[in-house]
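Colleague: See model_31.txt below, with compact mmCIF, C-alpha atoms.
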# COMPACT_ATOMS: atom_id res chain seq x y z
CA MET A 39 -32.88 7.20 12.76
CA ARG A 40 -32.63 9.59 15.72
CA ASN A 41 -29.39 7.95 16.84
CA GLU A 42 -27.83 8.40 13.42
CA VAL A 43 -28.85 12.08 13.44
CA ARG A 44 -27.46 12.56 16.95
CA LEU A 45 -24.19 10.90 15.94
CA ALA A 46 -23.75 13.06 12.86
CA THR A 47 -24.73 16.26 14.69
CA ALA A 48 -22.41 15.63 17.63
CA LEU A 49 -19.46 14.85 15.42
CA VAL A 50 -20.01 17.86 13.16
CA LEU A 51 -20.21 20.16 16.20
CA SER A 52 -17.09 18.65 17.72
CA VAL A 53 -15.25 19.16 14.43
CA ALA A 54 -16.34 22.82 14.25
CA ALA A 55 -15.33 23.45 17.85
CA ALA A 56 -11.87 21.92 17.37
CA ALA A 57 -11.19 23.14 13.84
CA ASN A 58 -8.30 25.35 14.88
CA ALA A 59 -6.63 22.60 16.89
CA ARG A 60 -7.04 19.71 14.47
CA THR A 61 -5.06 18.86 11.39
CA MET A 62 -6.95 19.10 8.10
CA THR A 63 -6.58 15.33 7.73
CA GLY A 64 -8.10 14.75 11.16
CA ILE A 65 -11.06 17.00 10.39
CA ALA A 66 -11.65 15.18 7.12
CA MET A 67 -11.58 11.83 8.96
CA ASP A 68 -14.13 13.06 11.51
CA SER A 69 -16.39 14.09 8.65
CA THR A 70 -16.05 10.63 7.14
CA ILE A 71 -16.80 8.92 10.46
CA SER A 72 -20.01 10.94 10.81
CA ASP A 73 -21.20 9.89 7.34
CA HIS A 74 -22.81 6.55 8.24
CA ARG A 75 -26.19 4.87 8.62
CA ILE A 76 -26.27 2.64 11.66
CA ILE A 77 -28.62 -0.33 11.97
CA TYR A 78 -28.78 -1.78 15.47
CA PHE A 79 -29.63 -5.37 16.29
CA GLY A 80 -29.99 -7.42 19.47
CA LYS A 81 -31.68 -6.63 22.75
CA GLY A 82 -31.26 -3.54 24.88
CA GLU A 83 -30.98 0.19 24.32
CA ASP A 84 -29.22 1.76 21.36
CA GLN A 85 -25.64 2.80 21.96
CA SER A 86 -24.68 6.32 22.94
CA THR A 87 -23.33 8.62 20.25
CA ASP A 88 -19.81 8.43 21.69
CA SER A 89 -19.84 4.62 21.76
CA ALA A 90 -20.98 4.44 18.15
CA ALA A 91 -18.30 6.89 17.03
CA ILE A 92 -15.59 4.94 18.84
CA LEU A 93 -16.72 1.70 17.21
CA ILE A 94 -16.69 3.29 13.75
CA GLN A 95 -13.21 4.67 14.43
CA LYS A 96 -11.93 1.12 14.85
CA PHE A 97 -12.60 0.51 11.14
CA TYR A 98 -9.73 2.93 10.47
CA GLU A 99 -7.27 1.79 13.16
CA ASP A 100 -4.86 -0.18 11.01
CA GLN A 101 -1.06 0.02 10.96
CA PHE A 102 -1.19 -0.97 7.27
CA ARG A 103 -3.95 1.33 6.06
CA HIS A 104 -3.30 3.08 2.74
CA PHE A 105 -4.71 6.32 1.33
CA GLN A 106 -6.50 4.33 -1.41
CA ASP A 107 -8.07 1.75 0.92
CA PRO A 108 -11.89 1.73 1.06
CA LEU A 109 -13.71 3.72 3.73
CA ALA A 110 -15.83 2.05 6.37
CA PRO A 111 -19.19 0.93 4.88
CA TYR A 112 -21.93 3.56 4.69
CA PHE A 113 -24.41 1.05 6.18
CA LEU A 114 -23.14 -0.49 9.42
CA PHE A 115 -24.73 -3.19 11.53
CA MET A 116 -23.99 -2.78 15.24
CA SER A 117 -25.03 -4.70 18.29
CA ARG A 118 -26.64 -2.77 21.12
CA ASP A 119 -24.18 -4.28 23.63
CA ASN A 120 -21.24 -2.65 21.76
CA ASN A 121 -19.63 -6.07 21.11
CA LEU A 122 -20.07 -6.45 17.36
CA ALA A 123 -19.95 -4.28 14.23
CA MET A 124 -20.02 -5.46 10.63
CA GLY A 125 -20.49 -4.05 7.19
CA ILE A 126 -20.21 -4.72 3.47
CA GLY A 127 -18.80 -1.88 1.44
CA GLY A 128 -16.68 -0.99 -1.52
CA VAL A 129 -15.26 1.63 -3.79
CA VAL A 130 -15.78 2.29 -7.50
CA ARG A 131 -12.81 3.87 -9.27
CA MET A 132 -12.65 5.03 -12.86
CA ARG A 133 -9.36 6.34 -14.25
CA GLY A 134 -8.64 7.96 -17.58
CA TYR A 135 -5.10 8.67 -18.76
CA LEU A 136 -3.31 10.26 -21.69
CA ASP A 137 0.31 9.55 -22.66
CA TRP A 138 2.23 11.75 -25.08
CA GLY A 139 5.76 11.88 -26.42
CA GLY A 140 5.85 8.09 -26.17
CA SER A 141 3.60 5.86 -24.08
CA ILE A 142 3.82 3.06 -21.53
CA ASP A 143 1.98 -0.10 -22.48
CA SER A 144 0.26 -0.42 -19.10
CA PRO A 145 -2.49 1.27 -17.05
CA ALA A 146 0.11 1.64 -14.27
CA PHE A 147 2.77 4.31 -14.66
CA ALA A 148 6.06 2.56 -13.93
CA PRO A 149 9.46 3.87 -15.09
CA TYR A 150 10.67 0.28 -15.61
CA LEU A 151 8.16 -0.07 -18.46
CA ILE A 152 9.27 3.03 -20.37
CA PRO A 153 10.33 1.89 -23.87
CA MET A 154 13.82 2.95 -24.92
CA GLN A 155 12.82 3.02 -28.59
CA LYS A 156 9.81 5.21 -29.31
CA ASP A 157 7.07 3.55 -31.37
CA PRO A 158 5.81 6.01 -34.03
CA GLY A 159 2.51 4.19 -33.98
CA ARG A 160 2.08 4.81 -30.25
CA SER A 161 3.36 8.36 -29.75
CA ARG A 162 0.08 9.20 -27.99
CA TYR A 163 -2.33 6.95 -26.17
CA LEU A 164 -5.68 7.46 -24.44
CA GLY A 165 -6.65 4.76 -21.97
CA THR A 166 -9.23 4.04 -19.28
CA SER A 167 -9.26 1.57 -16.42
CA PRO A 168 -11.60 0.53 -13.57
CA ALA A 169 -8.61 -0.98 -11.72
CA GLY A 170 -8.87 -0.53 -7.98
CA THR A 171 -12.64 -0.99 -7.87
CA ALA A 172 -13.19 -3.18 -4.82
CA LEU A 173 -15.68 -4.92 -2.55
CA PHE A 174 -15.00 -5.85 1.06
CA PHE A 175 -16.57 -7.34 4.15
CA ARG A 176 -15.43 -6.57 7.70
CA VAL A 177 -16.49 -7.78 11.14
CA LEU A 178 -15.22 -6.23 14.39
CA GLY A 179 -16.11 -7.87 17.66
CA MET A 180 -15.38 -8.47 21.31
CA ASN A 181 -15.48 -11.93 22.89
CA LYS A 182 -15.21 -12.54 26.63
CA LYS A 183 -12.72 -15.40 26.14
CA LEU A 184 -10.78 -14.30 23.04
CA GLY A 185 -10.85 -10.52 23.45
CA ARG A 186 -11.05 -8.28 20.39
CA TYR A 187 -11.19 -9.88 16.96
CA GLN A 188 -11.62 -8.86 13.34
CA LEU A 189 -12.39 -10.60 10.04
CA TYR A 190 -11.67 -8.94 6.71
CA ILE A 191 -12.06 -9.94 3.06
CA GLU A 192 -11.35 -7.65 0.09
CA ALA A 193 -11.37 -8.35 -3.64
CA ASN A 194 -10.36 -6.00 -6.46
CA PHE A 195 -10.96 -5.77 -10.18
CA ASN A 196 -7.26 -5.85 -11.03
CA GLY A 197 -6.87 -8.94 -13.18
CA TYR A 198 -6.99 -9.36 -16.95
CA GLU A 199 -7.64 -5.93 -18.50
CA ALA A 200 -8.47 -4.78 -14.93
CA ARG A 201 -11.81 -6.55 -15.10
CA ASP A 202 -11.17 -9.92 -13.41
CA PHE A 203 -12.27 -10.13 -9.79
CA ARG A 204 -9.32 -11.20 -7.64
CA LEU A 205 -8.72 -11.64 -3.93
CA LYS A 206 -6.59 -8.85 -2.44
CA LYS A 207 -6.84 -9.51 1.31
CA ALA A 208 -8.37 -12.19 3.53
CA TYR A 209 -7.34 -12.34 7.17
CA GLY A 210 -8.46 -12.64 10.76
CA GLN A 211 -7.14 -10.83 13.83
CA ILE A 212 -7.38 -11.82 17.46
CA ASN A 213 -5.88 -9.20 19.75
CA ASP A 214 -2.22 -8.87 18.67
CA PHE A 215 -2.20 -11.76 16.20
CA THR A 216 -3.06 -11.69 12.49
CA ILE A 217 -3.44 -14.82 10.36
CA GLY A 218 -4.21 -14.69 6.65
CA TYR A 219 -3.40 -13.02 3.36
CA THR A 220 -2.50 -9.35 3.83
CA ASN A 221 0.26 -6.72 3.63
CA SER A 222 3.76 -7.91 4.45
CA THR A 223 5.19 -6.64 7.72
CA PHE A 224 8.04 -5.21 5.62
CA SER A 225 5.63 -2.87 3.82
CA ASP A 226 4.35 0.48 5.10
CA PRO A 227 1.20 1.56 3.19
CA GLY A 228 0.58 4.39 5.65
CA ALA A 229 3.77 6.14 4.52
CA LEU A 230 2.65 6.19 0.88
CA PRO A 231 1.49 9.59 -0.42
CA PRO A 232 -1.83 10.25 -2.20
CA ALA A 233 -1.73 9.05 -5.82
CA VAL A 234 -4.16 8.80 -8.70
CA ASP A 235 -2.06 6.19 -10.47
CA ALA A 236 -2.41 2.66 -9.13
CA ALA A 237 1.36 2.04 -9.12
CA GLY A 238 2.45 5.07 -7.12
CA PRO A 239 6.13 5.73 -6.24
CA ASN A 240 8.52 3.37 -8.01
CA ALA A 241 10.37 2.49 -4.79
CA LYS A 242 7.37 1.48 -2.67
CA MET A 243 7.26 -1.94 -1.01
CA THR A 244 3.82 -3.46 -1.65
CA ALA A 245 4.18 -7.21 -1.07
CA THR A 246 1.25 -9.26 0.23
CA ALA A 247 1.61 -12.74 1.65
CA VAL A 248 -0.09 -15.41 3.71
CA LEU A 249 1.39 -14.77 7.13
CA VAL A 250 1.19 -15.10 10.88
CA ARG A 251 1.98 -11.77 12.52
CA TRP A 252 2.28 -10.53 16.08
CA LEU A 253 1.87 -6.75 16.46
CA HIS A 254 1.78 -5.03 19.82
CA GLU A 255 1.23 -1.36 20.67
CA PHE A 256 2.12 0.12 24.04
CA HIS A 257 2.65 3.43 25.87
CA ASN A 258 -0.68 4.79 24.57
CA ARG A 259 0.03 3.49 21.06
CA ARG A 260 3.19 5.59 20.74
CA TRP A 261 5.36 2.52 20.35
CA ALA A 262 4.64 -0.53 18.20
CA VAL A 263 6.61 -3.67 17.42
CA ALA A 264 5.74 -6.47 15.02
CA ALA A 265 7.18 -9.74 13.74
CA SER A 266 5.83 -12.20 11.22
CA VAL A 267 6.42 -15.46 9.42
CA GLU A 268 5.39 -15.09 5.77
CA SER A 269 4.88 -17.40 2.81
CA PRO A 270 7.86 -17.06 0.46
CA THR A 271 7.79 -16.08 -3.21
CA ASN A 272 10.67 -15.00 -5.42
CA GLN A 273 11.68 -14.09 -8.95
CA ILE A 274 14.81 -15.84 -10.19
CA ASP A 275 16.60 -15.19 -13.47
CA THR A 276 17.41 -18.82 -14.35
CA GLN A 277 19.32 -19.86 -17.48
CA LYS A 278 18.32 -22.83 -19.62
CA ASP A 279 20.43 -25.94 -18.93
CA ILE A 280 22.53 -24.00 -16.39
CA THR A 281 20.29 -23.11 -13.42
CA ALA A 282 16.73 -23.98 -12.38
CA ARG A 283 14.17 -23.09 -9.74
CA VAL A 284 13.78 -25.19 -6.62
CA SER A 285 10.64 -25.36 -4.48
CA GLN A 286 10.77 -23.03 -1.48
CA TYR A 287 10.41 -24.39 2.01
CA ILE A 288 11.79 -21.68 4.34
CA PRO A 289 9.43 -18.76 5.14
CA ASP A 290 10.36 -15.09 5.05
CA ILE A 291 10.90 -13.48 8.46
CA ALA A 292 9.92 -9.80 8.78
CA ALA A 293 9.77 -7.34 11.68
CA PHE A 294 9.44 -3.63 12.44
CA GLY A 295 9.70 -1.14 15.28
CA GLN A 296 7.76 2.13 15.24
CA PHE A 297 7.53 5.34 17.25
CA ALA A 298 4.52 7.67 16.81
CA TRP A 299 3.73 11.14 18.08
CA GLY A 300 1.34 14.04 17.57
CA GLU A 301 -2.44 14.18 17.67
CA GLY A 302 -3.81 10.66 17.38
CA GLU A 303 -0.23 9.43 16.85
CA SER A 304 -0.63 10.61 13.24
CA SER A 305 3.12 11.16 12.81
CA TYR A 306 5.46 8.21 13.03
CA ILE A 307 8.78 6.70 11.98
CA ARG A 308 9.24 2.98 11.30
CA LEU A 309 12.26 0.75 10.75
CA ALA A 310 11.44 -2.59 9.10
CA GLY A 311 13.54 -5.53 8.02
CA ILE A 312 13.10 -8.84 6.23
CA VAL A 313 15.22 -11.95 5.76
CA ARG A 314 14.49 -14.27 2.81
CA ASN A 315 15.74 -17.60 1.49
CA HIS A 316 16.24 -18.17 -2.26
CA PRO A 317 16.91 -21.79 -3.28
CA TYR A 318 18.06 -22.78 -6.76
CA ARG A 319 19.65 -25.73 -8.54
CA ASP A 320 23.02 -25.76 -10.27
CA LEU A 321 22.36 -27.97 -13.31
CA ILE A 322 26.05 -28.21 -14.16
CA GLU A 323 27.08 -29.69 -10.81
CA GLN A 324 23.60 -31.14 -10.12
CA LYS A 325 23.45 -29.51 -6.69
CA ASN A 326 20.89 -27.39 -4.83
CA HIS A 327 21.98 -24.15 -3.18
CA ASN A 328 20.42 -21.55 -0.89
CA VAL A 329 21.14 -17.82 -1.00
CA THR A 330 20.03 -15.50 1.81
CA GLY A 331 18.39 -12.22 0.82
CA TRP A 332 17.59 -9.29 3.10
CA GLY A 333 16.04 -5.84 3.06
CA LEU A 334 15.80 -2.80 5.33
CA GLN A 335 13.34 0.08 5.11
CA LEU A 336 13.09 3.35 7.02
CA SER A 337 9.71 5.00 6.47
CA GLY A 338 7.32 7.42 8.06
CA LYS A 339 4.81 10.26 7.99
CA TRP A 340 5.04 13.69 9.63
CA HIS A 341 2.40 16.36 10.39
CA PRO A 342 4.46 19.45 11.28
CA GLU A 343 1.35 21.67 11.28
CA ASP A 344 -2.34 21.63 10.39
CA HIS A 345 -2.10 21.87 6.60
CA PHE A 346 1.09 19.95 5.78
CA THR A 347 1.91 16.24 5.75
CA PHE A 348 5.24 14.76 4.68
CA TYR A 349 5.76 11.14 3.58
CA GLY A 350 8.95 9.26 2.90
CA ALA A 351 10.73 5.93 2.71
CA PHE A 352 14.18 4.62 1.89
CA ASN A 353 14.93 0.94 1.36
CA GLY A 354 17.87 -1.19 0.33
CA GLY A 355 19.20 -4.70 0.45
CA LYS A 356 20.02 -7.79 -1.57
CA GLY A 357 17.51 -10.30 -2.94
CA TYR A 358 14.49 -8.27 -1.82
CA ALA A 359 13.53 -6.84 -5.22
CA SER A 360 10.35 -8.88 -5.78
CA LEU A 361 8.70 -7.18 -2.78
CA GLY A 362 7.74 -4.11 -4.79
CA GLY A 363 8.75 -1.11 -6.85
CA ASP A 364 10.19 -1.12 -10.36
CA TRP A 365 12.16 -4.28 -9.61
CA LEU A 366 8.95 -6.28 -9.25
CA MET A 367 8.68 -6.27 -13.05
CA GLY A 368 12.03 -7.98 -13.55
CA LYS A 369 13.78 -11.00 -12.06
CA TYR A 370 16.20 -9.50 -9.59
CA ASP A 371 16.03 -11.71 -6.48
CA LEU A 372 18.68 -14.06 -7.87
CA VAL A 373 20.76 -13.65 -11.02
CA GLY A 374 23.49 -15.73 -12.61
CA ARG A 375 27.19 -15.12 -11.91
CA PRO A 376 28.85 -15.05 -15.36
CA SER A 377 32.30 -15.88 -13.99
CA GLU A 378 30.97 -19.06 -12.36
CA PRO A 379 28.47 -20.87 -14.64
CA GLY A 380 25.77 -22.59 -12.59
CA ARG A 381 26.12 -20.26 -9.61
CA MET A 382 23.69 -17.47 -8.67
CA TYR A 383 23.73 -14.57 -6.20
CA ALA A 384 21.37 -11.95 -4.74
CA PRO A 385 22.07 -8.56 -6.37
CA GLY A 386 21.73 -5.29 -4.50
CA ALA A 387 19.19 -2.53 -5.00
CA VAL A 388 18.30 0.76 -3.31
CA GLY A 389 15.33 3.09 -3.64
CA GLY A 390 13.33 5.76 -1.94
CA TYR A 391 10.73 8.48 -2.25
CA ALA A 392 9.71 11.72 -0.57
CA ALA A 393 6.38 13.55 -0.79
CA VAL A 394 4.58 16.57 0.57
CA GLN A 395 0.82 17.02 0.94
CA TYR A 396 -0.91 20.37 1.45
CA ASN A 397 -4.54 20.47 2.54
CA LEU A 398 -6.14 23.66 1.29
CA ASN A 399 -9.11 22.70 3.48
CA PRO A 400 -10.48 19.38 4.78
CA SER A 401 -11.94 18.48 1.36
CA MET A 402 -9.15 19.67 -0.98
CA LEU A 403 -5.53 18.60 -1.05
CA PHE A 404 -2.47 18.84 -3.27
CA SER A 405 0.54 16.55 -3.20
CA ALA A 406 3.87 16.16 -4.96
CA THR A 407 6.07 13.04 -4.95
CA TRP A 408 9.61 12.26 -6.11
CA GLY A 409 10.99 8.72 -6.17
CA ALA A 410 14.08 6.93 -7.47
CA THR A 411 15.43 3.38 -7.73
CA ARG A 412 18.82 1.89 -8.62
CA TYR A 413 19.80 -1.68 -9.48
CA LEU A 414 23.26 -2.69 -8.16
CA PRO A 415 24.49 -5.98 -9.66
CA GLU A 416 28.01 -7.27 -8.99
CA HIS A 417 28.72 -8.18 -12.61
CA ASP A 418 28.68 -6.47 -15.99
CA CYS A 419 25.18 -6.53 -17.44
CA PRO A 420 23.84 -6.28 -21.01
CA CYS A 421 23.58 -2.73 -22.33
CA ASP A 422 19.78 -2.82 -22.34
CA GLU A 423 19.47 -3.93 -18.70
CA TYR A 424 17.53 -1.65 -16.34
CA LYS A 425 19.74 0.46 -14.06
CA THR A 426 17.80 3.43 -12.65
CA GLY A 427 14.25 4.76 -12.50
CA MET A 428 12.90 8.18 -11.55
CA TYR A 429 9.28 9.02 -10.73
CA ILE A 430 7.63 12.43 -10.29
CA ALA A 431 3.91 13.02 -9.64
CA VAL A 432 1.85 16.10 -8.84
CA ASN A 433 -1.86 15.72 -8.07
CA TYR A 434 -5.00 17.37 -6.73
CA PHE A 435 -7.87 15.66 -4.85
CA TRP A 436 -11.28 17.19 -4.26
CA TYR A 437 -13.82 15.46 -2.02
CA LEU A 438 -17.26 16.67 -3.09
CA THR A 439 -18.62 14.64 -0.15
CA PRO A 440 -16.76 12.35 2.25
CA ARG A 441 -17.53 9.51 -0.19
CA ILE A 442 -17.27 11.12 -3.63
CA CYS A 443 -13.89 12.22 -4.91
CA CYS A 444 -12.45 13.65 -8.12
CA ALA A 445 -8.72 13.93 -8.79
CA ALA A 446 -6.18 14.82 -11.45
CA GLU A 447 -2.48 13.99 -11.71
CA LEU A 448 0.57 14.66 -13.89
CA ASP A 449 3.26 11.94 -13.99
CA LEU A 450 6.80 12.13 -15.29
CA GLY A 451 9.14 9.15 -15.41
CA ARG A 452 12.63 8.31 -16.57
CA ARG A 453 14.28 4.94 -17.19
CA GLY A 454 18.07 4.59 -17.41
CA ASN A 455 19.88 1.54 -18.80
CA MET A 456 23.31 0.12 -18.06
CA ASP A 457 24.77 1.64 -21.24
CA GLY A 458 23.89 5.15 -20.08
CA ARG A 459 20.94 5.65 -22.41
CA SER A 460 17.70 6.95 -20.95
CA ALA A 461 14.11 7.61 -21.98
CA TRP A 462 11.28 9.71 -20.55
CA ALA A 463 7.52 9.21 -20.33
CA ARG A 464 4.68 11.60 -19.51
CA ARG A 465 1.12 10.96 -18.42
CA ALA A 466 -1.93 13.00 -17.38
CA GLN A 467 -4.61 11.20 -15.38
CA ILE A 468 -8.04 11.88 -13.95
CA LEU A 469 -10.00 9.90 -11.37
CA ALA A 470 -13.61 9.62 -10.27
CA GLN A 471 -14.15 7.63 -7.07
CA PHE A 472 -17.28 6.61 -5.15
CA SER A 473 -17.29 4.79 -1.79
CA PHE A 474 -20.25 3.04 -0.22
Would you write out, as structure tokens, the structure that this file holds?
Modeller:
Amino acid sequence: MRNEVRLATALVLSVAAAANARTMTGIAMDSTISDHRIIYFGKGEDQSTDSAAILIQKFYEDQFRHFQDPLAPYFLFMSRDNNLAMGIGGVVRMRGYLDWGGSIDSPAFAPYLIPMQKDPGRSRYLGTSPAGTALFFRVLGMNKKLGRYQLYIEANFNGYEARDFRLKKAYGQINDFTIGYTNSTFSDPGALPPAVDAAGPNAKMTATAVLVRWLHEFHNRRWAVAASVESPTNQIDTQKDITARVSQYIPDIAAFGQFAWGEGESSYIRLAGIVRNHPYRDLIEQKNHNVTGWGLQLSGKWHPEDHFTFYGAFNGGKGYASLGGDWLMGKYDLVGRPSEPGRMYAPGAVGGYAAVQYNLNPSMLFSATWGATRYLPEHDCPCDEYKTGMYIAVNYFWYLTPRICCAAELDLGRRGNMDGRSAWARRAQILAQFSF
């Protein structure tokens, strides 16, 4: 117990001493790191306070960490030789939301789902959801032969009616290599702004895949490069008796380069790319074809001064739509070419978002986000086909303790169709969140 008290006291004092030099986000993270119970095992003396703090910090050192990801477990098991740390933790989230002036038939606020014809029987809707509630297990260790390694498993209640327990991540890391089911290298969760809604900006790339990734940091973690081979999935708009799906056999190839700066390299800019293969069968000519899809994304986060944080991303490409955003809800990786029955192509799409976060103090923050998407097919589409989406969110988060949070958010969305018609949706949401 004395070691836990020493750890908490030392970290709190260091935070107070550096308050004027640290960003609000950094101070909040230090407070979170100090909020742990440590149980030591093995032979020898207990670790020093600094060693324990450094080991806890490694739970948060992740190039793909998102604002909504669970905190390190409150109860941590650590070896006295500083070679192993493990914990079982989770987060409980409860959301309530109210739609008015028309409602979206989903717990997630996505402009793609905005109905063009208002339903008089659903002009207002009150909903609740435990989606995002999660359990996870993590092991961090050091082996004399293998070096540093990590094992991670996370499952969320995001299935049927947000109550089915489904695997979200399961991977292992050994030094620079990651093998398992986790965020695509093309995604950038760290550049996503705070959000109460589970969907977030309508242009975000959120794909997960079984992959093998190499990620290396150098020059004191200021530079990072990564490349991966990822299991392929796609969404193809086939036509009965004209085109059909074909089993995929070529993996996606993704990579990124990143430059970071500022305290703890908390600001960064990242350029990512992905190349994909989309096979299909022409049922008229009885032939199989392959179409190459690709995507590029420029993303990042910037701390210009203690209280402000800016987030942003812009992406575009052809045949990359199933990797996230509004397009994930349609079939836009491959579509039919009307002028050539039996032939398909990868349509274009572009999207992006920008956000600003203001920390009133380490436990209170405001943020505002604007996002937009546009579908760019090469042929004339039906009048009711999706063309554009716009997303606006303003929210407030209050951390009563490092592990208990309340939040509120206002969402505004607009869907535009190919015929020029558009429709709006509005939502107010509240959140109660508990981490352990």
Colleague: Could you check which of A:Lys242, A:Arg459, A:Arg465, A:Arg204 is closest to Tyr349 (chain A), using only C-alpha atoms?
Modeller: A:Lys242
Colleague: Have a look at A:Asp457, A:Glu323, A:Asp100, A:Asp290 and name the one nearest to Tyr190 (chain A); count all atoms listed in the file.
Modeller: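 When distances to Tyr190 (chain A) are compared using all atoms listed in the file, the smallest one comes from A:Asp100.
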Colleague: Quick check, in Å to one decimal: how far apart do CA of Ala466 (chain A) and CA of Ala446 (chain A) lie?
Modeller: 7.5 Å
Colleague: Report, in Å to a single decimal, how far apart CA of Ile280 (chain A) and CA of Pro379 (chain A) are.
Modeller: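 Computed distance, CA of Pro379 (chain A) to CA of Ile280 (chain A), equals 6.9 Å.
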Colleague: Which one is closest to Leu189 (chain A): A:Phe352, A:Phe215, A:Tyr112, A:Tyr396? Count all atoms listed in the file.
Modeller: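 Among the listed residues, A:Phe215 lies closest to Leu189 (chain A).
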Colleague: Fewer than 4 positions away in the same chain doesn't count, so skip those; otherwise give me all residues within 6 Å of region 140-148 of chain A, counting all atoms listed in the file, as a count of residues only.
Modeller: 5
Colleague: May I have the residues within 12 Å of Trp340 (chain A) as a list of chain:residue names, using all atoms listed in the file and disregarding those fewer than 5 positions away in the same chain?
Modeller: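 Residues near the query, excluding close chain neighbours: A:Thr61, A:Thr63, A:Gly228, A:Ala229, A:Leu230, A:Pro231, A:Phe297, A:Ala298, A:Trp299, A:Gly300, A:Glu301, A:Glu303, A:Ser304, A:Ser305, A:Tyr306, A:Ile307, A:Arg308, A:His345, A:Phe346, A:Thr347, A:Phe348, A:Tyr349, A:Gly350, A:Ala351, A:Ala392, A:Ala393, A:Val394, A:Gln395.
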Colleague: Find the residues near Asn258 (chain A): any atom within 10 Å, counting all atoms listed in the file, skip ones fewer than 2 places away on the same chain, and give them as a VMD selection string.
Modeller: chain A and resid 255 to 256 260 to 262 298 302 to 303
Colleague: I'd like the neighbourhood of Leu122 (chain A) as a PyMOL selection string, where a residue qualifies if any of its atoms comes within 9 Å (using only C-alpha atoms), though same-chain residues fewer than 5 positions away should be ignored.
Modeller: chain A and resi 93+115-117+177-180
Colleague: As an exercise, work out the distance from CA of Gly451 (chain A) to CA of Arg464 (chain A) in Å and give it to one decimal place.
Modeller: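 For CA of Gly451 (chain A) relative to CA of Arg464 (chain A), the distance reads 6.5 Å.
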Colleague: Region 103-109 of chain A: which residues within 7 Å, counting only C-alpha atoms, same-chain residues fewer than 2 positions away excluded, as a PyMOL selection string?
Modeller: chain A and resi 100-101+111+128-129+227-228+230+232+473
Colleague: Got time to write the residues from that selection, C-alpha atoms, as an mmCIF file, in the frame of the given file?
Modeller:
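So again.cif came out as:
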data_model
loop_
_atom_site.group_PDB
_atom_site.id
_atom_site.type_symbol
_atom_site.label_atom_id
_atom_site.label_comp_id
_atom_site.auth_asym_id
_atom_site.auth_seq_id
_atom_site.Cartn_x
_atom_site.Cartn_y
_atom_site.Cartn_z
ATOM 1 C CA ASP A 100 -4.860 -0.180 11.010
ATOM 2 C CA GLN A 101 -1.060 0.020 10.960
ATOM 3 C CA PRO A 111 -19.190 0.930 4.880
ATOM 4 C CA GLY A 128 -16.680 -0.990 -1.520
ATOM 5 C CA VAL A 129 -15.260 1.630 -3.790
ATOM 6 C CA PRO A 227 1.200 1.560 3.190
ATOM 7 C CA GLY A 228 0.580 4.390 5.650
ATOM 8 C CA LEU A 230 2.650 6.190 0.880
ATOM 9 C CA PRO A 232 -1.830 10.250 -2.200
ATOM 10 C CA SER A 473 -17.290 4.790 -1.790
#
